[in-house]
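Heads up, my_file-v9.tsv below (TSV, C-alpha atoms and all ligand atoms):
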chain	number	residue	atom	x	y	z
A	1	MET	CA	-33.49	5.89	-63.31
A	2	PHE	CA	-33.00	9.60	-62.49
A	3	LYS	CA	-35.54	10.71	-65.14
A	4	LYS	CA	-38.48	10.10	-62.92
A	5	LYS	CA	-38.71	13.10	-60.66
A	6	SER	CA	-40.82	13.88	-57.63
A	7	ALA	CA	-41.53	17.38	-56.31
A	8	ILE	CA	-41.05	18.23	-52.70
A	9	GLN	CA	-42.07	21.41	-50.99
A	10	ILE	CA	-39.77	23.12	-48.56
A	11	ARG	CA	-41.27	25.58	-46.20
A	12	ILE	CA	-39.01	27.98	-44.35
A	13	GLU	CA	-40.65	30.44	-41.95
A	14	GLY	CA	-40.99	34.04	-43.22
A	15	ASN	CA	-40.26	32.99	-46.82
A	16	HIS	CA	-42.33	31.70	-49.70
A	17	ASP	CA	-42.63	28.06	-50.09
A	18	LYS	CA	-40.10	26.57	-52.41
A	19	SER	CA	-40.60	23.56	-54.49
A	20	LEU	CA	-37.74	21.27	-55.37
A	21	GLU	CA	-37.64	18.48	-57.88
A	22	ILE	CA	-35.63	15.46	-56.85
A	23	PRO	CA	-35.26	12.19	-58.68
A	24	THR	CA	-37.82	9.81	-57.31
A	25	VAL	CA	-35.23	7.09	-56.88
A	26	LEU	CA	-33.41	9.22	-54.32
A	27	LEU	CA	-36.56	9.69	-52.31
A	28	LYS	CA	-37.40	6.01	-52.55
A	29	TYR	CA	-33.90	4.72	-51.53
A	30	TRP	CA	-32.49	7.57	-49.42
A	31	LYS	CA	-31.84	5.21	-46.49
A	32	GLN	CA	-29.83	2.77	-48.57
A	33	ILE	CA	-28.00	5.59	-50.33
A	34	SER	CA	-27.13	7.20	-46.99
A	35	ILE	CA	-25.85	3.89	-45.63
A	36	SER	CA	-23.81	3.35	-48.79
A	37	ALA	CA	-22.32	6.84	-48.52
A	38	VAL	CA	-21.41	6.32	-44.89
A	39	ALA	CA	-19.97	2.91	-45.76
A	40	LEU	CA	-17.94	4.51	-48.54
A	41	VAL	CA	-16.57	7.18	-46.20
A	42	ILE	CA	-15.71	4.56	-43.59
A	43	THR	CA	-14.01	2.47	-46.24
A	44	LEU	CA	-12.05	5.50	-47.44
A	45	ILE	CA	-10.95	6.45	-43.91
A	46	GLY	CA	-10.15	2.83	-43.22
A	47	SER	CA	-8.05	2.60	-46.35
A	48	ILE	CA	-6.17	5.78	-45.47
A	49	ALA	CA	-5.56	4.47	-41.95
A	50	TYR	CA	-4.52	1.10	-43.36
A	51	PHE	CA	-2.02	2.58	-45.82
A	52	ALA	CA	-0.69	4.93	-43.17
A	53	ALA	CA	-0.21	1.92	-40.90
A	54	ILE	CA	1.57	0.04	-43.69
A	55	LYS	CA	3.80	3.06	-44.34
A	56	LYS	CA	4.62	3.25	-40.66
A	57	ALA	CA	5.32	-0.48	-40.54
A	58	GLU	CA	7.59	-0.06	-43.55
A	59	ASP	CA	9.44	2.78	-41.81
A	60	VAL	CA	9.88	0.70	-38.68
A	61	SER	CA	11.04	-2.30	-40.67
A	62	ALA	CA	13.52	-0.10	-42.57
A	63	LYS	CA	14.90	1.10	-39.24
A	64	TYR	CA	15.21	-2.49	-38.04
A	65	GLN	CA	16.86	-3.45	-41.30
A	66	ALA	CA	19.42	-0.65	-40.89
A	67	ALA	CA	20.14	-1.72	-37.33
A	68	LEU	CA	20.46	-5.32	-38.48
A	69	ASP	CA	22.81	-4.28	-41.30
A	70	LYS	CA	24.97	-2.45	-38.75
A	71	ILE	CA	25.10	-5.53	-36.52
A	72	ASN	CA	25.97	-7.71	-39.49
A	73	GLN	CA	28.74	-5.32	-40.51
A	74	LYS	CA	30.11	-5.40	-36.98
A	75	ASN	CA	29.96	-9.19	-37.02
A	76	GLU	CA	31.78	-9.31	-40.33
A	77	LYS	CA	34.45	-6.97	-38.98
A	78	LEU	CA	34.80	-9.10	-35.87
A	79	ASN	CA	35.10	-12.24	-37.97
A	80	SER	CA	37.75	-10.70	-40.21
A	81	THR	CA	39.64	-9.44	-37.13
A	82	GLN	CA	39.53	-12.94	-35.68
A	83	LEU	CA	40.77	-14.26	-39.01
A	84	GLU	CA	43.62	-11.75	-39.00
A	85	THR	CA	44.53	-12.71	-35.45
A	86	GLN	CA	44.49	-16.37	-36.48
A	87	GLN	CA	46.79	-15.55	-39.39
A	88	ASP	CA	49.09	-13.55	-37.12
A	89	ILE	CA	49.28	-16.51	-34.74
A	90	LEU	CA	50.02	-18.82	-37.67
A	91	GLU	CA	52.79	-16.50	-38.85
A	92	ALA	CA	54.20	-16.27	-35.33
A	93	LYS	CA	54.10	-20.06	-35.05
A	94	LYS	CA	56.04	-20.36	-38.30
A	95	SER	CA	58.74	-17.94	-37.09
A	96	PHE	CA	58.92	-19.66	-33.72
A	97	MET	CA	59.37	-23.03	-35.41
A	98	LYS	CA	62.11	-21.53	-37.56
A	99	ILE	CA	63.86	-20.17	-34.46
A	100	ASP	CA	63.50	-23.58	-32.81
A	101	SER	CA	65.13	-25.35	-35.74
A	102	THR	CA	67.91	-22.72	-35.85
A	103	ILE	CA	68.57	-23.23	-32.14
A	104	GLN	CA	68.69	-26.98	-32.69
A	105	SER	CA	71.15	-26.44	-35.52
A	106	ILE	CA	73.29	-24.16	-33.33
A	107	ASN	CA	73.22	-26.76	-30.55
A	108	GLY	CA	74.28	-29.49	-33.00
A	109	LYS	CA	77.08	-27.47	-34.56
A	110	MET	CA	78.37	-26.33	-31.18
A	111	LYS	CA	78.30	-29.90	-29.88
A	112	LYS	CA	80.60	-30.89	-32.75
A	113	ARG	CA	83.04	-28.30	-31.41
A	114	GLY	CA	82.82	-29.76	-27.93
A	115	ILE	CA	80.58	-27.01	-26.56
A	116	ASN	CA	77.37	-27.84	-24.78
A	117	THR	CA	75.36	-24.67	-25.38
A	118	LYS	CA	72.34	-26.00	-23.44
A	119	LEU	CA	70.01	-23.80	-25.48
A	120	ALA	CA	66.52	-25.13	-24.81
A	121	ILE	CA	63.95	-24.84	-27.58
A	122	ALA	CA	60.32	-23.97	-26.88
A	123	ASN	CA	59.27	-26.81	-29.21
A	124	THR	CA	56.45	-24.85	-30.82
A	125	GLY	CA	56.14	-27.45	-33.55
A	126	GLY	CA	55.23	-30.00	-30.90
A	127	PRO	CA	53.24	-29.90	-27.70
A	128	VAL	CA	53.19	-26.12	-27.28
A	129	GLU	CA	49.93	-24.66	-28.56
A	130	ILE	CA	50.15	-21.01	-29.53
A	131	ASP	CA	47.25	-18.71	-28.81
A	132	GLU	CA	46.77	-15.01	-28.10
A	133	GLU	CA	47.55	-15.60	-24.42
A	134	ASN	CA	50.97	-17.24	-24.59
A	135	ILE	CA	52.24	-15.62	-27.77
A	136	VAL	CA	53.66	-12.72	-25.72
A	137	MET	CA	55.28	-15.11	-23.25
A	138	LEU	CA	56.81	-17.12	-26.08
A	139	SER	CA	58.17	-13.97	-27.67
A	140	GLU	CA	59.77	-13.01	-24.37
A	141	TYR	CA	61.20	-16.52	-24.03
A	142	TYR	CA	62.86	-16.26	-27.44
A	143	GLU	CA	64.10	-12.74	-26.75
A	144	ASN	CA	65.83	-13.94	-23.59
A	145	LEU	CA	67.10	-17.04	-25.30
A	146	LEU	CA	68.59	-15.08	-28.19
A	147	ALA	CA	70.19	-12.60	-25.78
A	148	ASN	CA	71.69	-15.62	-24.01
A	149	VAL	CA	72.93	-17.06	-27.32
A	150	GLU	CA	74.48	-13.71	-28.21
A	151	LYS	CA	76.21	-13.56	-24.82
A	152	LYS	CA	77.52	-17.13	-25.12
A	153	MET	CA	78.57	-16.66	-28.73
A	154	SER	CA	80.52	-13.51	-28.02
A	155	SER	CA	83.06	-15.41	-25.92
A	156	ILE	CA	83.50	-18.24	-28.42
A	157	PRO	CA	86.05	-17.45	-31.16
A	158	LEU	CA	83.92	-17.30	-34.30
A	159	GLY	CA	84.68	-15.99	-37.73
A	160	LYS	CA	87.95	-14.65	-39.11
A	161	PRO	CA	90.45	-12.17	-37.66
A	162	HIS	CA	91.25	-10.96	-41.19
A	163	ASN	CA	89.32	-11.28	-44.45
A	164	GLY	CA	92.25	-12.15	-46.71
A	165	SER	CA	92.36	-15.43	-48.61
A	166	ILE	CA	93.66	-18.52	-46.82
A	167	THR	CA	97.16	-19.43	-48.04
A	168	SER	CA	97.92	-22.28	-45.64
A	169	ARG	CA	95.55	-24.54	-43.73
A	170	PHE	CA	95.72	-26.41	-40.42
A	171	GLY	CA	97.56	-29.74	-40.63
A	172	TYR	CA	100.68	-31.27	-42.09
A	173	ARG	CA	102.29	-29.39	-44.96
A	174	VAL	CA	105.56	-29.15	-46.87
A	175	ASN	CA	108.17	-27.05	-45.02
A	176	PRO	CA	107.75	-23.58	-46.63
A	177	PHE	CA	111.41	-22.68	-46.07
A	178	THR	CA	113.27	-25.80	-47.24
A	179	ARG	CA	110.47	-27.08	-49.55
A	180	ARG	CA	111.53	-30.48	-48.23
A	181	GLY	CA	110.06	-32.63	-45.49
A	182	ARG	CA	106.72	-32.22	-43.71
A	183	GLU	CA	105.82	-30.11	-40.74
A	184	MET	CA	102.73	-29.56	-38.67
A	185	HIS	CA	101.03	-26.22	-39.36
A	186	SER	CA	99.02	-25.51	-36.21
A	187	GLY	CA	97.04	-22.54	-37.48
A	188	ILE	CA	95.61	-20.78	-40.53
A	189	ASP	CA	97.54	-18.30	-42.67
A	190	PHE	CA	95.75	-15.32	-44.19
A	191	LYS	CA	97.27	-13.40	-47.07
A	192	GLY	CA	97.26	-9.64	-46.50
A	193	ARG	CA	99.05	-6.31	-46.73
A	194	MET	CA	101.41	-4.85	-44.16
A	195	GLY	CA	99.45	-2.89	-41.55
A	196	ASP	CA	96.04	-4.51	-42.17
A	197	PRO	CA	94.02	-4.44	-38.94
A	198	ILE	CA	93.77	-7.79	-37.14
A	199	ARG	CA	90.67	-8.25	-35.02
A	200	ALA	CA	89.94	-10.47	-32.01
A	201	THR	CA	87.43	-13.20	-32.86
A	202	ALA	CA	85.79	-13.22	-29.40
A	203	ASP	CA	85.47	-11.29	-26.15
A	204	GLY	CA	88.37	-12.02	-23.80
A	205	VAL	CA	91.42	-10.83	-21.89
A	206	ILE	CA	94.94	-10.24	-23.32
A	207	THR	CA	97.41	-12.68	-21.75
A	208	PHE	CA	100.39	-11.73	-23.94
A	209	ALA	CA	101.27	-8.92	-26.34
A	210	GLY	CA	104.87	-8.77	-27.54
A	211	TYR	CA	107.67	-10.59	-29.36
A	212	GLU	CA	107.99	-14.38	-28.97
A	213	GLY	CA	110.40	-16.46	-31.10
A	214	GLN	CA	108.93	-17.94	-34.29
A	215	TYR	CA	105.63	-16.07	-33.76
A	216	GLY	CA	107.36	-12.71	-34.03
A	217	TYR	CA	105.08	-10.02	-32.62
A	218	VAL	CA	102.09	-11.93	-31.28
A	219	VAL	CA	98.91	-11.26	-29.29
A	220	LYS	CA	97.37	-14.03	-27.15
A	221	VAL	CA	93.78	-13.70	-25.92
A	222	LYS	CA	92.11	-15.86	-23.28
A	223	HIS	CA	88.35	-16.50	-23.68
A	224	LYS	CA	85.67	-18.29	-21.69
A	225	HIS	CA	84.98	-22.02	-22.06
A	226	GLY	CA	88.73	-22.88	-22.21
A	227	TYR	CA	89.44	-21.01	-25.45
A	228	GLU	CA	92.54	-19.05	-26.43
A	229	THR	CA	93.36	-17.30	-29.73
A	230	ARG	CA	96.75	-16.21	-31.06
A	231	TYR	CA	97.55	-13.65	-33.76
A	232	ALA	CA	101.15	-13.91	-35.01
A	233	HIS	CA	103.77	-12.33	-37.34
A	234	LEU	CA	102.29	-8.87	-36.57
A	235	VAL	CA	104.26	-5.75	-37.46
A	236	ARG	CA	103.06	-4.37	-34.13
A	237	THR	CA	100.61	-5.10	-31.33
A	238	GLN	CA	97.80	-2.68	-30.39
A	239	VAL	CA	96.86	-4.02	-26.94
A	240	LYS	CA	98.39	-4.57	-23.50
A	241	LYS	CA	98.50	-7.56	-21.18
A	242	GLY	CA	95.45	-7.70	-18.89
A	243	GLN	CA	93.34	-5.58	-21.25
A	244	ARG	CA	89.75	-6.69	-21.92
A	245	VAL	CA	88.83	-6.88	-25.59
A	246	GLU	CA	85.61	-7.53	-27.45
A	247	ALA	CA	85.10	-9.53	-30.60
A	248	GLY	CA	86.16	-7.15	-33.38
A	249	THR	CA	88.68	-5.17	-31.35
A	250	VAL	CA	91.88	-4.49	-33.34
A	251	VAL	CA	94.65	-6.28	-31.41
A	252	GLY	CA	97.51	-5.62	-33.84
A	253	LEU	CA	98.57	-4.94	-37.42
A	254	LEU	CA	99.49	-7.56	-40.04
A	255	GLY	CA	103.22	-7.98	-40.58
A	256	ASN	CA	106.11	-10.28	-41.46
A	257	THR	CA	107.89	-10.82	-38.12
A	258	GLY	CA	109.20	-14.14	-36.76
A	259	ARG	CA	109.31	-17.31	-38.85
A	260	SER	CA	107.52	-15.84	-41.85
A	261	THR	CA	108.08	-15.91	-45.62
A	262	GLY	CA	106.12	-12.73	-46.35
A	263	PRO	CA	103.35	-10.48	-44.96
A	264	HIS	CA	100.57	-12.65	-43.60
A	265	LEU	CA	98.64	-13.43	-40.43
A	266	HIS	CA	99.11	-16.71	-38.63
A	267	TYR	CA	95.98	-17.40	-36.57
A	268	GLU	CA	95.56	-20.12	-33.94
A	269	ILE	CA	92.73	-21.34	-31.71
A	270	LEU	CA	93.48	-23.39	-28.61
A	271	LYS	CA	90.84	-25.30	-26.69
A	272	ASP	CA	91.97	-26.45	-23.25
A	273	ASN	CA	95.60	-25.69	-24.27
A	274	LYS	CA	95.37	-27.89	-27.39
A	275	LYS	CA	95.73	-26.35	-30.83
A	276	ILE	CA	92.63	-27.04	-32.94
A	277	ASN	CA	91.58	-26.28	-36.51
A	278	PRO	CA	90.29	-22.66	-36.58
A	279	GLU	CA	88.51	-23.25	-39.88
A	280	LYS	CA	85.77	-25.11	-38.02
A	281	TYR	CA	84.96	-21.80	-36.36
A	282	PHE	CA	84.84	-19.60	-39.42
A	283	GLU	CA	81.21	-20.35	-40.07
A	284	LEU	CA	78.38	-21.45	-37.85
B	301	ZN	ZN	101.12	-20.04	-40.26
Output the file's structure as structure tokens, nothing else.
Ligand SMILES: [Zn+2]
Amino acid sequence: MFKKKSAIQIRIEGNHDKSLEIPTVLLKYWKQISISAVALVITLIGSIAYFAAIKKAEDVSAKYQAALDKINQKNEKLNSTQLETQQDILEAKKSFMKIDSTIQSINGKMKKRGINTKLAIANTGGPVEIDEENIVMLSEYYENLLANVEKKMSSIPLGKPHNGSITSRFGYRVNPFTRRGREMHSGIDFKGRMGDPIRATADGVITFAGYEGQYGYVVKVKHKHGYETRYAHLVRTQVKKGQRVEAGTVVGLLGNTGRSTGPHLHYEILKDNKKINPEKYFEL
């Protein structure tokens, strides 16, 4: 189609005429060709603009995606934090329920000993719902309650005044001197060595420290709630009448004075002036 050529003459002032050979088809269709060229350029520019726009859109969408990812991460973190808090609350609830049941057990065991401890439980297993708001209040409640228990417990004779083995229990027994006939043994005997420290089993005040008949050297301590404890057959006493002692204070040293067949401690608990079995108080 470009083989057919047509000559055109170009005349420029001051120069010789120049003749130029151009394919005839170009001359014939120059309008269409021009339009096509323009259309092509427009298409090209359009395409470039289009792809640039797409690229920009992609950039924007990537930014949005990043922001969205961040939000999602924050959400996930928040959810896991909430989950942790829920687990913490569940753990707290478990411990609170355990404390409640322990308090109930203490109340029951104390009642058997004639003591009304009046320790109220929070009843977290029941109507009390635990959330982030009242968990602090409940903790404070238990703290106070346990402090109260500790205070009450400290004036009740609990545990042993000496850790030796028990050689004679509370109740009727064969007379240890004559080996004949029965007698009432109104305390607990602990085997031990001369001079072993003997410790008060509760907070209280010394009402007697000295020698008294069959007891030999004896220490008597008065406690709250109508309790009294006695520590007998001591080689010597370590306290004075009127002195305040705490649970664990050494009141005297183990001996063999008074009506005794060998070194041991004779320990008594009195409740409202009546001798009771101390063994009930050795363990809670
Ligand atoms: Zn005894």
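The gap separating atom CA of Arg230 of chain A from atom CA of Lys271 of chain A is 11.7 Å, in Å to one decimal.
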(message) Taking all atoms listed in the file into account, which residues have an atom no farther than 10 Å from ligand ZN 301 (chain B)? I'd like them as a PyMOL selection string.
(response) chain A and resi 167-170+176+184-190+215+231-233+259-261+264-268
(message) Need the shell around Tyr141 of chain A: protein/DNA/RNA residues with any atom at most 12 Å away, counting only C-alpha atoms. Skip same-chain ones fewer than 2 positions apart. Format as a PyMOL selection string?
(response) chain A and resi 96+99-100+119-124+134-139+143-148
(request) Could you tell me which of A:Thr24, A:Ser101, A:Ser47, A:Thr207 comes closest to Val219 of chain A if we count all atoms listed in the file? (result) A:Thr207
(request) May I have the residues within 9 Å of segment 83-91 of chain A as a count of residues only, using all atoms listed in the file and disregarding those fewer than 4 positions away in the same chain? (result) 8
Once 3 Å is added on each side, what centre and edge lengths in Å to one decimal does the axis-aligned box around all listed atoms of segment 152-168 of chain A have, as lines of an AutoDock Vina configuration file?
center_x = 87.7
center_y = -16.6
center_z = -36.9
size_x = 26.4
size_y = 17.3
size_z = 29.5
Hey, what's within 12 Å of Tyr281 of chain A if we count all atoms listed in the file and toss same-chain stuff fewer than 5 positions away? As an mmCIF file with C-alpha atoms, in the frame of the given file, please?
data_model
loop_
_atom_site.group_PDB
_atom_site.id
_atom_site.type_symbol
_atom_site.label_atom_id
_atom_site.label_comp_id
_atom_site.auth_asym_id
_atom_site.auth_seq_id
_atom_site.Cartn_x
_atom_site.Cartn_y
_atom_site.Cartn_z
ATOM 1 C CA LYS A 109 77.080 -27.470 -34.560
ATOM 2 C CA MET A 110 78.370 -26.330 -31.180
ATOM 3 C CA LYS A 112 80.600 -30.890 -32.750
ATOM 4 C CA ARG A 113 83.040 -28.300 -31.410
ATOM 5 C CA GLY A 114 82.820 -29.760 -27.930
ATOM 6 C CA ILE A 115 80.580 -27.010 -26.560
ATOM 7 C CA MET A 153 78.570 -16.660 -28.730
ATOM 8 C CA ILE A 156 83.500 -18.240 -28.420
ATOM 9 C CA PRO A 157 86.050 -17.450 -31.160
ATOM 10 C CA LEU A 158 83.920 -17.300 -34.300
ATOM 11 C CA GLY A 159 84.680 -15.990 -37.730
ATOM 12 C CA LYS A 160 87.950 -14.650 -39.110
ATOM 13 C CA PRO A 161 90.450 -12.170 -37.660
ATOM 14 C CA ILE A 188 95.610 -20.780 -40.530
ATOM 15 C CA THR A 201 87.430 -13.200 -32.860
ATOM 16 C CA ALA A 202 85.790 -13.220 -29.400
ATOM 17 C CA TYR A 227 89.440 -21.010 -25.450
ATOM 18 C CA THR A 229 93.360 -17.300 -29.730
ATOM 19 C CA TYR A 267 95.980 -17.400 -36.570
ATOM 20 C CA GLU A 268 95.560 -20.120 -33.940
ATOM 21 C CA ILE A 269 92.730 -21.340 -31.710
ATOM 22 C CA LEU A 270 93.480 -23.390 -28.610
ATOM 23 C CA LYS A 271 90.840 -25.300 -26.690
ATOM 24 C CA ILE A 276 92.630 -27.040 -32.940
#
(request) One decimal, Å: what's the distance from atom CA of Lys77 of chain A over to atom CA of Tyr64 of chain A, could you say? (result) 19.8 Å
Counting all atoms listed in the file, give me one row per residue of segment 24-113 of chain A with an atom at most 10 Å from an atom of segment 4-16 of chain A, showing the shortest contact pair and its distance in Å to one decimal, sorted by chain then residue number, as a Markdown table.
| residue | atom | partner | partner_atom | distance |
| --- | --- | --- | --- | --- |
| A:Thr24 | CA | A:Lys5 | CA | 4.8 |
| A:Val25 | CA | A:Lys4 | CA | 7.5 |
| A:Leu26 | CA | A:Lys5 | CA | 9.1 |
| A:Leu27 | CA | A:Ser6 | CA | 8.0 |
| A:Lys28 | CA | A:Ser6 | CA | 10.0 |
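Of note, atom CA of Val221 of chain A and atom CA of Arg173 of chain A are spaced 26.1 Å apart.
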(request) Using all atoms listed in the file, pick whichever of A:Glu212, A:Glu279, A:Glu140, A:Glu228 has the shortest atom-to-atom distance to Thr257 of chain A. (result) A:Glu212
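Across A:Ala57, A:Val149, A:Val38, A:Leu44, the tightest approach to Thr102 of chain A is made by A:Val149 when counting all atoms listed in the file.
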